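Dumped entry30.cif below, it's mmCIF, C-alpha atoms:
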data_coords
#
loop_
_atom_site.group_PDB
_atom_site.id
_atom_site.type_symbol
_atom_site.label_atom_id
_atom_site.label_comp_id
_atom_site.auth_asym_id
_atom_site.auth_seq_id
_atom_site.Cartn_x
_atom_site.Cartn_y
_atom_site.Cartn_z
ATOM 1 C CA GLY G 20 -10.871 -11.748 -1.769
ATOM 2 C CA GLY G 21 -9.363 -11.959 1.715
ATOM 3 C CA ILE G 22 -8.364 -8.296 1.753
ATOM 4 C CA GLY G 23 -11.020 -6.958 -0.616
ATOM 5 C CA GLN G 24 -14.103 -7.873 1.426
ATOM 6 C CA PRO G 25 -13.029 -6.360 4.773
ATOM 7 C CA LEU G 26 -11.539 -3.380 2.897
ATOM 8 C CA CYS G 27 -14.926 -2.768 1.252
ATOM 9 C CA LEU G 28 -16.641 -3.076 4.628
ATOM 10 C CA LEU G 29 -14.370 -0.393 6.084
ATOM 11 C CA MET G 30 -14.560 1.933 3.067
ATOM 12 C CA ALA G 31 -18.361 1.697 2.994
ATOM 13 C CA GLN G 32 -18.305 3.294 6.453
ATOM 14 C CA ASN G 33 -16.114 6.218 5.397
ATOM 15 C CA PRO G 34 -18.168 9.445 5.421
ATOM 16 C CA HIS G 35 -16.379 10.698 2.278
ATOM 17 C CA VAL G 36 -17.545 7.717 0.185
ATOM 18 C CA LYS G 37 -20.596 8.517 -1.934
ATOM 19 C CA GLU G 38 -20.412 5.415 -4.116
ATOM 20 C CA LEU G 39 -18.422 2.225 -3.579
ATOM 21 C CA CYS G 40 -17.786 0.053 -6.640
ATOM 22 C CA VAL G 41 -16.880 -3.543 -5.779
ATOM 23 C CA PHE G 42 -15.029 -5.438 -8.521
ATOM 24 C CA ASP G 43 -13.829 -9.038 -8.717
ATOM 25 C CA LEU G 44 -13.540 -11.889 -11.170
ATOM 26 C CA THR G 45 -16.519 -14.194 -11.749
ATOM 27 C CA LEU G 46 -14.425 -17.091 -10.413
ATOM 28 C CA ALA G 47 -14.231 -15.446 -6.960
ATOM 29 C CA MET G 48 -15.615 -17.577 -4.125
ATOM 30 C CA VAL G 49 -18.194 -14.883 -3.313
ATOM 31 C CA PRO G 50 -19.629 -12.942 -6.290
ATOM 32 C CA ALA G 51 -18.890 -9.195 -6.289
ATOM 33 C CA GLU G 52 -22.608 -8.511 -6.731
ATOM 34 C CA GLY G 53 -23.272 -10.500 -3.540
ATOM 35 C CA VAL G 54 -20.692 -8.540 -1.561
ATOM 36 C CA ALA G 55 -22.206 -5.303 -2.901
ATOM 37 C CA ALA G 56 -25.757 -6.389 -2.000
ATOM 38 C CA ASP G 57 -24.611 -7.278 1.518
ATOM 39 C CA LEU G 58 -22.808 -3.942 2.016
ATOM 40 C CA SER G 59 -25.708 -1.970 0.527
ATOM 41 C CA HIS G 60 -27.717 -2.778 3.668
ATOM 42 C CA LEU G 61 -25.374 -0.864 5.993
ATOM 43 C CA GLU G 62 -26.922 2.260 7.490
ATOM 44 C CA LYS G 63 -24.376 4.439 5.711
ATOM 45 C CA LYS G 64 -24.796 6.948 2.903
ATOM 46 C CA SER G 65 -22.600 5.118 0.402
ATOM 47 C CA LYS G 66 -24.272 3.486 -2.582
ATOM 48 C CA VAL G 67 -22.638 0.104 -3.303
ATOM 49 C CA VAL G 68 -22.531 -1.517 -6.760
ATOM 50 C CA GLY G 69 -20.879 -4.802 -7.787
ATOM 51 C CA TYR G 70 -19.055 -5.569 -11.044
ATOM 52 C CA ALA G 71 -17.510 -8.826 -12.259
ATOM 53 C CA LEU G 72 -15.409 -9.901 -15.230
ATOM 54 C CA ASP G 73 -14.456 -13.316 -16.561
ATOM 55 C CA LYS G 74 -10.741 -14.011 -16.160
ATOM 56 C CA ASP G 75 -10.131 -13.593 -19.904
ATOM 57 C CA ASP G 76 -11.957 -10.243 -20.129
ATOM 58 C CA LYS G 77 -9.740 -7.164 -20.337
ATOM 59 C CA PRO G 78 -10.575 -4.532 -17.694
ATOM 60 C CA VAL G 79 -9.727 -1.757 -20.198
ATOM 61 C CA ASP G 80 -12.604 -3.009 -22.369
ATOM 62 C CA LYS G 81 -15.133 -3.807 -19.656
ATOM 63 C CA LEU G 82 -14.669 -1.626 -16.547
ATOM 64 C CA GLY G 83 -15.883 1.709 -17.939
ATOM 65 C CA GLU G 84 -19.028 1.852 -15.827
ATOM 66 C CA CYS G 85 -17.197 0.686 -12.696
ATOM 67 C CA LEU G 86 -14.302 3.175 -12.902
ATOM 68 C CA THR G 87 -15.713 6.273 -14.580
ATOM 69 C CA GLY G 88 -15.954 9.075 -12.012
ATOM 70 C CA CYS G 89 -13.839 7.300 -9.376
ATOM 71 C CA ASP G 90 -11.595 9.505 -7.206
ATOM 72 C CA LEU G 91 -9.821 6.634 -5.468
ATOM 73 C CA VAL G 92 -9.137 3.090 -6.680
ATOM 74 C CA LEU G 93 -7.765 0.600 -4.139
ATOM 75 C CA VAL G 94 -6.267 -2.496 -5.738
ATOM 76 C CA PRO G 95 -5.785 -5.544 -3.465
ATOM 77 C CA ALA G 96 -4.854 -8.025 -6.182
ATOM 78 C CA GLY G 97 -2.337 -10.567 -7.321
ATOM 79 C CA MET G 98 -1.111 -14.008 -6.397
ATOM 80 C CA PRO G 99 0.516 -14.685 -3.029
ATOM 81 C CA ARG G 100 4.137 -15.804 -3.143
ATOM 82 C CA LYS G 101 4.292 -19.587 -3.260
ATOM 83 C CA PRO G 102 7.090 -21.815 -1.959
ATOM 84 C CA GLY G 103 10.020 -21.802 -4.385
ATOM 85 C CA MET G 104 8.932 -18.587 -6.116
ATOM 86 C CA THR G 105 11.493 -15.809 -6.423
ATOM 87 C CA ARG G 106 10.514 -12.136 -6.231
ATOM 88 C CA ALA G 107 11.173 -11.980 -9.981
ATOM 89 C CA ASP G 108 8.652 -14.803 -10.559
ATOM 90 C CA LEU G 109 6.102 -13.008 -8.402
ATOM 91 C CA LEU G 110 6.700 -9.722 -10.215
ATOM 92 C CA GLY G 111 6.211 -11.426 -13.566
ATOM 93 C CA VAL G 112 2.736 -12.613 -12.544
ATOM 94 C CA ASN G 113 1.527 -9.713 -10.409
ATOM 95 C CA ALA G 114 2.806 -6.819 -12.517
ATOM 96 C CA GLY G 115 0.626 -8.154 -15.332
ATOM 97 C CA ILE G 116 -2.412 -8.264 -13.028
ATOM 98 C CA ALA G 117 -1.725 -4.733 -11.752
ATOM 99 C CA LYS G 118 -1.139 -3.457 -15.299
ATOM 100 C CA ASN G 119 -4.586 -4.662 -16.420
ATOM 101 C CA ILE G 120 -6.283 -2.613 -13.694
ATOM 102 C CA VAL G 121 -3.980 0.411 -14.007
ATOM 103 C CA GLU G 122 -4.575 0.426 -17.778
ATOM 104 C CA ALA G 123 -8.322 0.642 -17.162
ATOM 105 C CA CYS G 124 -7.808 3.440 -14.600
ATOM 106 C CA ALA G 125 -5.685 5.348 -17.144
ATOM 107 C CA LYS G 126 -8.582 5.162 -19.602
ATOM 108 C CA PHE G 127 -11.625 5.706 -17.377
ATOM 109 C CA CYS G 128 -10.412 7.658 -14.297
ATOM 110 C CA PRO G 129 -6.952 9.072 -15.110
ATOM 111 C CA ASP G 130 -7.142 11.644 -12.296
ATOM 112 C CA ALA G 131 -7.991 9.099 -9.584
ATOM 113 C CA VAL G 132 -5.465 8.155 -6.922
ATOM 114 C CA VAL G 133 -4.606 4.467 -7.421
ATOM 115 C CA GLY G 134 -3.588 2.719 -4.185
ATOM 116 C CA LEU G 135 -1.715 -0.502 -4.966
ATOM 117 C CA ILE G 136 -1.782 -3.457 -2.569
ATOM 118 C CA VAL G 137 -0.030 -5.749 -5.043
ATOM 119 C CA ASN G 138 3.175 -7.571 -4.101
ATOM 120 C CA PRO G 139 6.018 -7.044 -4.605
ATOM 121 C CA VAL G 140 5.016 -3.415 -3.900
ATOM 122 C CA ASN G 141 8.670 -2.273 -4.096
ATOM 123 C CA SER G 142 8.730 -3.195 -7.810
ATOM 124 C CA VAL G 143 5.060 -2.999 -8.870
ATOM 125 C CA VAL G 144 4.604 0.659 -7.867
ATOM 126 C CA PRO G 145 7.636 1.920 -9.856
ATOM 127 C CA ALA G 146 6.498 -0.208 -12.821
ATOM 128 C CA MET G 147 2.991 1.275 -12.811
ATOM 129 C CA GLY G 148 4.205 4.812 -12.068
ATOM 130 C CA GLU G 149 6.533 4.724 -15.068
ATOM 131 C CA LEU G 150 3.801 3.252 -17.305
ATOM 132 C CA TYR G 151 1.559 6.188 -16.291
ATOM 133 C CA LYS G 152 4.399 8.579 -17.125
ATOM 134 C CA LYS G 153 4.920 6.911 -20.537
ATOM 135 C CA LYS G 154 1.211 7.404 -21.222
ATOM 136 C CA GLY G 155 1.504 11.143 -20.448
ATOM 137 C CA LEU G 156 -0.359 10.804 -17.141
ATOM 138 C CA ASP G 157 0.615 11.959 -13.651
ATOM 139 C CA PRO G 158 2.755 9.233 -12.003
ATOM 140 C CA THR G 159 2.112 10.699 -8.520
ATOM 141 C CA LYS G 160 -1.401 9.227 -8.800
ATOM 142 C CA ILE G 161 0.182 5.778 -8.301
ATOM 143 C CA VAL G 162 0.624 5.137 -4.574
ATOM 144 C CA GLY G 163 1.983 2.053 -2.800
ATOM 145 C CA VAL G 164 0.079 1.137 0.360
ATOM 146 C CA THR G 165 2.655 0.680 3.155
ATOM 147 C CA THR G 166 0.509 1.787 6.093
ATOM 148 C CA LEU G 167 0.424 -1.767 7.463
ATOM 149 C CA ASP G 168 4.089 -1.395 8.502
ATOM 150 C CA VAL G 169 3.181 1.749 10.462
ATOM 151 C CA VAL G 170 0.114 0.131 12.010
ATOM 152 C CA ARG G 171 2.147 -2.879 13.166
ATOM 153 C CA ALA G 172 5.020 -0.777 14.513
ATOM 154 C CA ASN G 173 2.578 1.374 16.488
ATOM 155 C CA LYS G 174 0.888 -1.665 18.027
ATOM 156 C CA PHE G 175 4.133 -3.464 18.883
ATOM 157 C CA VAL G 176 5.632 -0.340 20.516
ATOM 158 C CA SER G 177 2.414 0.289 22.441
ATOM 159 C CA GLU G 178 2.480 -3.255 23.853
ATOM 160 C CA ALA G 179 6.215 -3.281 24.590
ATOM 161 C CA THR G 180 6.245 0.095 26.375
ATOM 162 C CA ASN G 181 2.783 -0.041 27.941
ATOM 163 C CA THR G 182 1.873 3.215 26.154
ATOM 164 C CA PRO G 183 -1.665 3.890 24.830
ATOM 165 C CA VAL G 184 -1.560 3.097 21.112
ATOM 166 C CA GLU G 185 -3.163 6.475 20.328
ATOM 167 C CA ALA G 186 -0.032 8.137 21.740
ATOM 168 C CA VAL G 187 2.376 6.174 19.509
ATOM 169 C CA ALA G 188 3.310 7.259 15.971
ATOM 170 C CA VAL G 189 6.265 5.343 14.541
ATOM 171 C CA PRO G 190 7.614 6.677 11.230
ATOM 172 C CA VAL G 191 8.265 3.688 8.941
ATOM 173 C CA VAL G 192 10.252 4.453 5.800
ATOM 174 C CA GLY G 193 12.040 2.716 2.930
ATOM 175 C CA GLY G 194 10.047 0.000 1.191
ATOM 176 C CA HIS G 195 7.433 -2.627 1.940
ATOM 177 C CA ALA G 196 9.291 -5.955 2.225
ATOM 178 C CA GLY G 197 11.693 -7.465 4.751
ATOM 179 C CA GLU G 198 14.822 -5.429 5.343
ATOM 180 C CA THR G 199 13.597 -2.508 3.225
ATOM 181 C CA ILE G 200 11.113 -1.739 6.045
ATOM 182 C CA LEU G 201 12.752 0.707 8.475
ATOM 183 C CA PRO G 202 10.880 1.824 11.615
ATOM 184 C CA LEU G 203 12.477 4.993 13.031
ATOM 185 C CA PHE G 204 12.176 4.294 16.761
ATOM 186 C CA SER G 205 14.536 7.191 17.525
ATOM 187 C CA GLN G 206 11.625 9.521 16.677
ATOM 188 C CA VAL G 207 9.242 7.927 19.201
ATOM 189 C CA GLU G 208 8.984 9.328 22.717
ATOM 190 C CA ALA G 209 7.782 6.016 24.162
ATOM 191 C CA MET G 210 10.960 4.294 22.912
ATOM 192 C CA LYS G 211 13.402 6.701 24.585
ATOM 193 C CA SER G 212 13.717 4.430 27.638
ATOM 194 C CA TYR G 213 13.463 1.157 25.698
ATOM 195 C CA PRO G 214 16.519 -1.097 26.257
ATOM 196 C CA ALA G 215 19.023 -0.503 23.444
ATOM 197 C CA ASP G 216 19.831 -4.219 23.211
ATOM 198 C CA LYS G 217 16.184 -4.966 22.344
ATOM 199 C CA LEU G 218 15.812 -2.353 19.589
ATOM 200 C CA GLU G 219 17.126 -4.602 16.843
ATOM 201 C CA GLN G 220 14.714 -7.345 17.917
ATOM 202 C CA MET G 221 11.791 -4.894 17.676
ATOM 203 C CA ASP G 222 13.025 -3.692 14.273
ATOM 204 C CA LYS G 223 13.151 -7.309 13.082
ATOM 205 C CA ARG G 224 9.654 -8.021 14.384
ATOM 206 C CA VAL G 225 8.206 -5.167 12.307
ATOM 207 C CA GLN G 226 10.066 -6.457 9.228
ATOM 208 C CA ASP G 227 8.875 -10.039 9.721
ATOM 209 C CA ALA G 228 5.361 -9.364 11.017
ATOM 210 C CA GLY G 229 3.765 -10.756 7.869
ATOM 211 C CA THR G 230 5.461 -14.110 8.457
ATOM 212 C CA GLU G 231 4.093 -14.092 12.022
ATOM 213 C CA VAL G 232 0.555 -14.059 10.588
ATOM 214 C CA VAL G 233 1.304 -16.623 7.861
ATOM 215 C CA ASN G 234 2.668 -19.017 10.487
ATOM 216 C CA ALA G 235 -0.271 -18.461 12.838
ATOM 217 C CA LYS G 236 -2.694 -19.160 9.978
ATOM 218 C CA ASN G 237 -0.802 -22.399 9.423
ATOM 219 C CA GLY G 238 -0.458 -22.079 5.657
ATOM 220 C CA LYS G 239 -4.114 -21.138 5.193
ATOM 221 C CA GLY G 240 -3.632 -17.454 4.416
ATOM 222 C CA SER G 241 -1.669 -14.311 5.115
ATOM 223 C CA ALA G 242 -2.378 -10.896 6.653
ATOM 224 C CA THR G 243 -5.762 -9.921 5.246
ATOM 225 C CA LEU G 244 -7.737 -8.214 8.025
ATOM 226 C CA SER G 245 -4.874 -6.027 9.241
ATOM 227 C CA MET G 246 -4.006 -5.242 5.600
ATOM 228 C CA ALA G 247 -7.607 -4.191 4.944
ATOM 229 C CA TYR G 248 -7.500 -1.971 8.047
ATOM 230 C CA ALA G 249 -4.239 -0.398 6.845
ATOM 231 C CA GLY G 250 -5.591 0.040 3.307
ATOM 232 C CA ALA G 251 -8.680 1.778 4.676
ATOM 233 C CA ARG G 252 -6.431 4.036 6.767
ATOM 234 C CA LEU G 253 -4.618 5.097 3.587
ATOM 235 C CA GLY G 254 -7.968 5.462 1.790
ATOM 236 C CA LYS G 255 -9.259 7.682 4.581
ATOM 237 C CA ALA G 256 -6.216 9.976 4.261
ATOM 238 C CA VAL G 257 -6.526 10.217 0.463
ATOM 239 C CA LEU G 258 -10.258 11.019 0.564
ATOM 240 C CA ALA G 259 -9.855 13.567 3.358
ATOM 241 C CA GLY G 260 -7.131 15.194 1.248
ATOM 242 C CA LEU G 261 -9.289 15.230 -1.882
ATOM 243 C CA SER G 262 -12.093 16.854 0.143
ATOM 244 C CA GLY G 263 -9.830 19.802 1.023
ATOM 245 C CA GLU G 264 -7.992 18.826 4.188
ATOM 246 C CA LYS G 265 -4.196 18.536 4.351
ATOM 247 C CA VAL G 266 -3.507 15.061 5.714
ATOM 248 C CA GLU G 267 -0.175 13.416 6.456
ATOM 249 C CA GLU G 268 0.172 9.661 5.964
ATOM 250 C CA TYR G 269 2.870 7.157 5.017
ATOM 251 C CA ALA G 270 3.005 5.775 1.481
ATOM 252 C CA TYR G 271 5.464 4.455 -1.123
ATOM 253 C CA VAL G 272 5.617 7.022 -3.921
ATOM 254 C CA GLY G 273 7.780 8.672 -6.554
ATOM 255 C CA SER G 274 10.256 10.599 -4.438
ATOM 256 C CA SER G 275 13.384 12.754 -4.432
ATOM 257 C CA ILE G 276 14.114 12.735 -0.685
ATOM 258 C CA THR G 277 16.837 10.101 -1.248
ATOM 259 C CA GLU G 278 18.801 9.205 -4.374
ATOM 260 C CA LEU G 279 16.179 6.534 -5.145
ATOM 261 C CA PRO G 280 13.265 7.425 -7.472
ATOM 262 C CA TYR G 281 10.685 5.673 -5.241
ATOM 263 C CA PHE G 282 10.632 5.587 -1.450
ATOM 264 C CA ALA G 283 8.144 5.133 1.411
ATOM 265 C CA SER G 284 7.906 8.095 3.768
ATOM 266 C CA LYS G 285 5.400 10.560 5.167
ATOM 267 C CA VAL G 286 3.516 12.416 2.434
ATOM 268 C CA VAL G 287 0.905 15.169 2.431
ATOM 269 C CA PHE G 288 -2.376 14.318 0.698
ATOM 270 C CA GLY G 289 -4.471 17.193 -0.600
ATOM 271 C CA LYS G 290 -6.913 18.082 -3.369
ATOM 272 C CA LYS G 291 -4.690 16.613 -6.086
ATOM 273 C CA GLY G 292 -3.625 13.491 -4.220
ATOM 274 C CA VAL G 293 0.044 13.434 -3.217
ATOM 275 C CA GLU G 294 0.952 17.107 -2.803
ATOM 276 C CA LYS G 295 4.256 16.860 -0.981
ATOM 277 C CA VAL G 296 6.758 14.190 0.041
ATOM 278 C CA LEU G 297 8.213 15.121 3.415
ATOM 279 C CA PRO G 298 11.946 14.704 4.106
ATOM 280 C CA LEU G 299 13.408 12.137 6.476
ATOM 281 C CA PRO G 300 14.212 13.336 10.014
ATOM 282 C CA ASP G 301 17.803 14.572 10.260
ATOM 283 C CA ASN G 302 18.448 13.106 13.726
ATOM 284 C CA LEU G 303 18.400 9.369 12.986
ATOM 285 C CA SER G 304 20.292 7.066 15.336
ATOM 286 C CA ASP G 305 23.552 5.502 14.134
ATOM 287 C CA TYR G 306 21.790 2.129 13.900
ATOM 288 C CA GLU G 307 19.068 3.655 11.680
ATOM 289 C CA LYS G 308 21.637 5.402 9.464
ATOM 290 C CA THR G 309 23.428 2.085 8.874
ATOM 291 C CA ARG G 310 20.150 0.290 8.193
ATOM 292 C CA LEU G 311 19.050 3.065 5.812
ATOM 293 C CA GLU G 312 22.164 2.705 3.666
ATOM 294 C CA ALA G 313 21.793 -1.091 3.556
ATOM 295 C CA LEU G 314 18.094 -1.006 2.655
ATOM 296 C CA LYS G 315 18.718 1.502 -0.129
ATOM 297 C CA LEU G 316 20.958 -1.033 -1.882
ATOM 298 C CA GLN G 317 18.271 -3.727 -1.746
ATOM 299 C CA LEU G 318 15.438 -1.340 -2.645
ATOM 300 C CA LYS G 319 17.424 0.006 -5.612
ATOM 301 C CA GLY G 320 17.495 -3.452 -7.193
ATOM 302 C CA GLU G 321 13.781 -4.000 -6.598
ATOM 303 C CA ILE G 322 12.923 -0.585 -8.087
ATOM 304 C CA GLU G 323 15.110 -1.332 -11.118
ATOM 305 C CA ALA G 324 13.170 -4.561 -11.712
ATOM 306 C CA GLY G 325 9.968 -2.476 -11.846
ATOM 307 C CA LEU G 326 11.500 0.119 -14.167
ATOM 308 C CA LYS G 327 12.675 -2.666 -16.488
ATOM 309 C CA TYR G 328 9.102 -4.024 -16.629
ATOM 310 C CA ALA G 329 7.851 -0.537 -17.577
ATOM 311 C CA GLU G 330 10.480 -0.255 -20.328
ATOM 312 C CA GLU G 331 9.298 -3.504 -21.859
ATOM 313 C CA ASN G 332 5.553 -2.811 -21.615
ATOM 314 C CA SER G 333 3.065 -0.028 -22.372
ATOM 315 C CA LEU G 334 -0.507 0.783 -21.390
ATOM 316 C CA ALA G 335 -3.109 0.310 -24.137
#
Go ahead and render the structure in this file as structure tokens.
Amino acid sequence: GGIGQPLCLLMAQNPHVKELCVFDLTLAMVPAEGVAADLSHLEKKSKVVGYALDKDDKPVDKLGECLTGCDLVLVPAGMPRKPGMTRADLLGVNAGIAKNIVEACAKFCPDAVVGLIVNPVNSVVPAMGELYKKKGLDPTKIVGVTTLDVVRANKFVSEATNTPVEAVAVPVVGGHAGETILPLFSQVEAMKSYPADKLEQMDKRVQDAGTEVVNAKNGKGSATLSMAYAGARLGKAVLAGLSGEKVEEYAYVGSSITELPYFASKVVFGKKGVEKVLPLPDNLSDYEKTRLEALKLQLKGEIEAGLKYAEENSLA
């Protein structure tokens, strides 16, 4: 798909990847085996293998060879939101798609970190985390990929303040949709001299950046390349952690740093995946404190929708 192909290209270049398994449905425009053959010619050490299922096949029955032995599974899947669809409609469709893959991971690679790029992330991740818990598995293995919000915030701040992007690190916390996305500009040196009256505008741009891409693509797609880049950034952190380093990265995970059971913040990846969820800074600006309280109300409802899905469903 639009995210899957560039994500595979980037992951094939990661020095920690020994084998890359490429999976898609047989109805995909480009067969998974073709993508794998193409990537297998890169002068990198990773072996690349393609797997495909018919749309009526169940991954839990057919993906044993693909998933067995995996340490990291990145899942860019699901339908995009169509005009007139509510978030509840989207959750109904995409939670089922995510569940099929997560069910197969639970069976064939239960210790793997599962990075979900499935909208609505705010609801799908809690749903899958709770299904893992119901199955007796470790729910911290389920990770929502929110790095794109960080990537965008870093780039926008770099451009607005004329600061090298390598010197910018914007913490982005909360969730991964609209107003639940909260960039903490108060923690960024480059933003100290940024006009206060423009801060809200910058905050809004980070929240609505996905729409910027959708509009520029004129209805012919959404953010795929930048999402693949952000997914590979998360993948890099997870794999470095599994290989013995302690790596900090942003992700949406089961959390106790607020009163909400799931929250996006900086986490430490290590040999077991998510090893620690780091607390929020205690010196937020008044604007950020107000925004945080407002986003928690919205995020709470979206998490509850995911928990309800998990109550009504179980993994095979």
Written as a short mmCIF file (atom, residue, chain, number, x, y, z; two decimals) with C-alpha atoms, in the frame of the given file, what is the full residue list that the PyMOL selection byres ((chain G and resi 176) around 9) yields on the file shown?
data_model
loop_
_atom_site.label_atom_id
_atom_site.label_comp_id
_atom_site.auth_asym_id
_atom_site.auth_seq_id
_atom_site.Cartn_x
_atom_site.Cartn_y
_atom_site.Cartn_z
CA ARG G 171 2.15 -2.88 13.17
CA ALA G 172 5.02 -0.78 14.51
CA ASN G 173 2.58 1.37 16.49
CA LYS G 174 0.89 -1.66 18.03
CA PHE G 175 4.13 -3.46 18.88
CA SER G 177 2.41 0.29 22.44
CA GLU G 178 2.48 -3.26 23.85
CA ALA G 179 6.22 -3.28 24.59
CA THR G 180 6.24 0.10 26.38
CA ASN G 181 2.78 -0.04 27.94
CA THR G 182 1.87 3.22 26.15
CA VAL G 184 -1.56 3.10 21.11
CA VAL G 187 2.38 6.17 19.51
CA VAL G 189 6.26 5.34 14.54
CA PHE G 204 12.18 4.29 16.76
CA ALA G 209 7.78 6.02 24.16
CA MET G 210 10.96 4.29 22.91
CA MET G 221 11.79 -4.89 17.68
#
Next on the checklist: Once the PyMOL selection byres ((chain G and resi 291-304) around 10) is applied to the coordinates I shared, what remains selected? I want it as number ranges by chain.
Outcome noted: G: 90-91, 130-133, 159-162, 190, 192, 203-206, 256-263, 265-277, 282-290, 305-311
Could the residues in this selection be written to a file with C-alpha atoms, as a PDB file, keeping the file's coordinate frame?
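Saved as out09.pdb:
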ATOM      1  CA  ASP G  90     -11.595   9.505  -7.206  1.00  0.00           C
ATOM      2  CA  LEU G  91      -9.821   6.634  -5.468  1.00  0.00           C
ATOM      3  CA  ASP G 130      -7.142  11.644 -12.296  1.00  0.00           C
ATOM      4  CA  ALA G 131      -7.991   9.099  -9.584  1.00  0.00           C
ATOM      5  CA  VAL G 132      -5.465   8.155  -6.922  1.00  0.00           C
ATOM      6  CA  VAL G 133      -4.606   4.467  -7.421  1.00  0.00           C
ATOM      7  CA  THR G 159       2.112  10.699  -8.520  1.00  0.00           C
ATOM      8  CA  LYS G 160      -1.401   9.227  -8.800  1.00  0.00           C
ATOM      9  CA  ILE G 161       0.182   5.778  -8.301  1.00  0.00           C
ATOM     10  CA  VAL G 162       0.624   5.137  -4.574  1.00  0.00           C
ATOM     11  CA  PRO G 190       7.614   6.677  11.230  1.00  0.00           C
ATOM     12  CA  VAL G 192      10.252   4.453   5.800  1.00  0.00           C
ATOM     13  CA  LEU G 203      12.477   4.993  13.031  1.00  0.00           C
ATOM     14  CA  PHE G 204      12.176   4.294  16.761  1.00  0.00           C
ATOM     15  CA  SER G 205      14.536   7.191  17.525  1.00  0.00           C
ATOM     16  CA  GLN G 206      11.625   9.521  16.677  1.00  0.00           C
ATOM     17  CA  ALA G 256      -6.216   9.976   4.261  1.00  0.00           C
ATOM     18  CA  VAL G 257      -6.526  10.217   0.463  1.00  0.00           C
ATOM     19  CA  LEU G 258     -10.258  11.019   0.564  1.00  0.00           C
ATOM     20  CA  ALA G 259      -9.855  13.567   3.358  1.00  0.00           C
ATOM     21  CA  GLY G 260      -7.131  15.194   1.248  1.00  0.00           C
ATOM     22  CA  LEU G 261      -9.289  15.230  -1.882  1.00  0.00           C
ATOM     23  CA  SER G 262     -12.093  16.854   0.143  1.00  0.00           C
ATOM     24  CA  GLY G 263      -9.830  19.802   1.023  1.00  0.00           C
ATOM     25  CA  LYS G 265      -4.196  18.536   4.351  1.00  0.00           C
ATOM     26  CA  VAL G 266      -3.507  15.061   5.714  1.00  0.00           C
ATOM     27  CA  GLU G 267      -0.175  13.416   6.456  1.00  0.00           C
ATOM     28  CA  GLU G 268       0.172   9.661   5.964  1.00  0.00           C
ATOM     29  CA  TYR G 269       2.870   7.157   5.017  1.00  0.00           C
ATOM     30  CA  ALA G 270       3.005   5.775   1.481  1.00  0.00           C
ATOM     31  CA  TYR G 271       5.464   4.455  -1.123  1.00  0.00           C
ATOM     32  CA  VAL G 272       5.617   7.022  -3.921  1.00  0.00           C
ATOM     33  CA  GLY G 273       7.780   8.672  -6.554  1.00  0.00           C
ATOM     34  CA  SER G 274      10.256  10.599  -4.438  1.00  0.00           C
ATOM     35  CA  SER G 275      13.384  12.754  -4.432  1.00  0.00           C
ATOM     36  CA  ILE G 276      14.114  12.735  -0.685  1.00  0.00           C
ATOM     37  CA  THR G 277      16.837  10.101  -1.248  1.00  0.00           C
ATOM     38  CA  PHE G 282      10.632   5.587  -1.450  1.00  0.00           C
ATOM     39  CA  ALA G 283       8.144   5.133   1.411  1.00  0.00           C
ATOM     40  CA  SER G 284       7.906   8.095   3.768  1.00  0.00           C
ATOM     41  CA  LYS G 285       5.400  10.560   5.167  1.00  0.00           C
ATOM     42  CA  VAL G 286       3.516  12.416   2.434  1.00  0.00           C
ATOM     43  CA  VAL G 287       0.905  15.169   2.431  1.00  0.00           C
ATOM     44  CA  PHE G 288      -2.376  14.318   0.698  1.00  0.00           C
ATOM     45  CA  GLY G 289      -4.471  17.193  -0.600  1.00  0.00           C
ATOM     46  CA  LYS G 290      -6.913  18.082  -3.369  1.00  0.00           C
ATOM     47  CA  ASP G 305      23.552   5.502  14.134  1.00  0.00           C
ATOM     48  CA  TYR G 306      21.790   2.129  13.900  1.00  0.00           C
ATOM     49  CA  GLU G 307      19.068   3.655  11.680  1.00  0.00           C
ATOM     50  CA  LYS G 308      21.637   5.402   9.464  1.00  0.00           C
ATOM     51  CA  THR G 309      23.428   2.085   8.874  1.00  0.00           C
ATOM     52  CA  ARG G 310      20.150   0.290   8.193  1.00  0.00           C
ATOM     53  CA  LEU G 311      19.050   3.065   5.812  1.00  0.00           C
TER      54      LEU G 311
END
Next on the checklist: Here's the selection I'm unsure about, the PyMOL selection byres ((chain G and resi 88) around 10); applied to the file above, which residues does it give, as a VMD selection string?
Outcome noted: chain G and resid 38 83 to 87 89 to 91 127 to 131
Item to check | One-decimal distance in Å that lies between atom CA of G:Ile136 and atom CA of G:Leu44 | outcome: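 Result for atom CA of G:Leu44 versus atom CA of G:Ile136: 16.8 Å, one decimal.
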Checklist entry - Separation of atom CA of G:Asp43 and atom CA of G:Gly21, in Å? => result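 It comes out at 11.7 Å.
Taking only C-alpha atoms into account, G:Glu321 lies nearest to G:His195 out of the set G:His195, G:Lys37, G:Lys63, G:Lys154.
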Checklist entry - By how many Å are atom CA of G:Leu218 and atom CA of G:Glu312 apart? => result 17.9 Å
Item to check | For G:Gly53: contacts at 10 Å, all atoms listed in the file, fewer than 5 positions along chain excluded, given as a list of chain:residue names | outcome: G:Val41, G:Leu58, G:Ser59, G:Val68, G:Gly69, G:Tyr70
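Across G:Thr165, G:Gln220, G:Asn234, G:Ser142, the tightest approach to G:Tyr248 is made by G:Thr165 when counting all atoms listed in the file.
Distances here use all atoms listed in the file; by that measure, the residue among G:Met104, G:Val112, G:Leu29, G:Val137 closest to G:Tyr328 is G:Val112.
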Item to check | Non-local contacts of G:Pro145 (9 Å; all atoms listed in the file; under 4 positions in same chain excluded) as a PyMOL selection string | outcome: chain G and resi 140-141+149-150+161+272-273+280-281+322-326+329
Item to check | Residue neighbourhood G:Ser241, 12 Å, only C-alpha atoms, exclusion window fewer than 2 positions, as an NGL selection string | outcome: :G and (20-22 or 98-101 or 228-239 or 243-247)
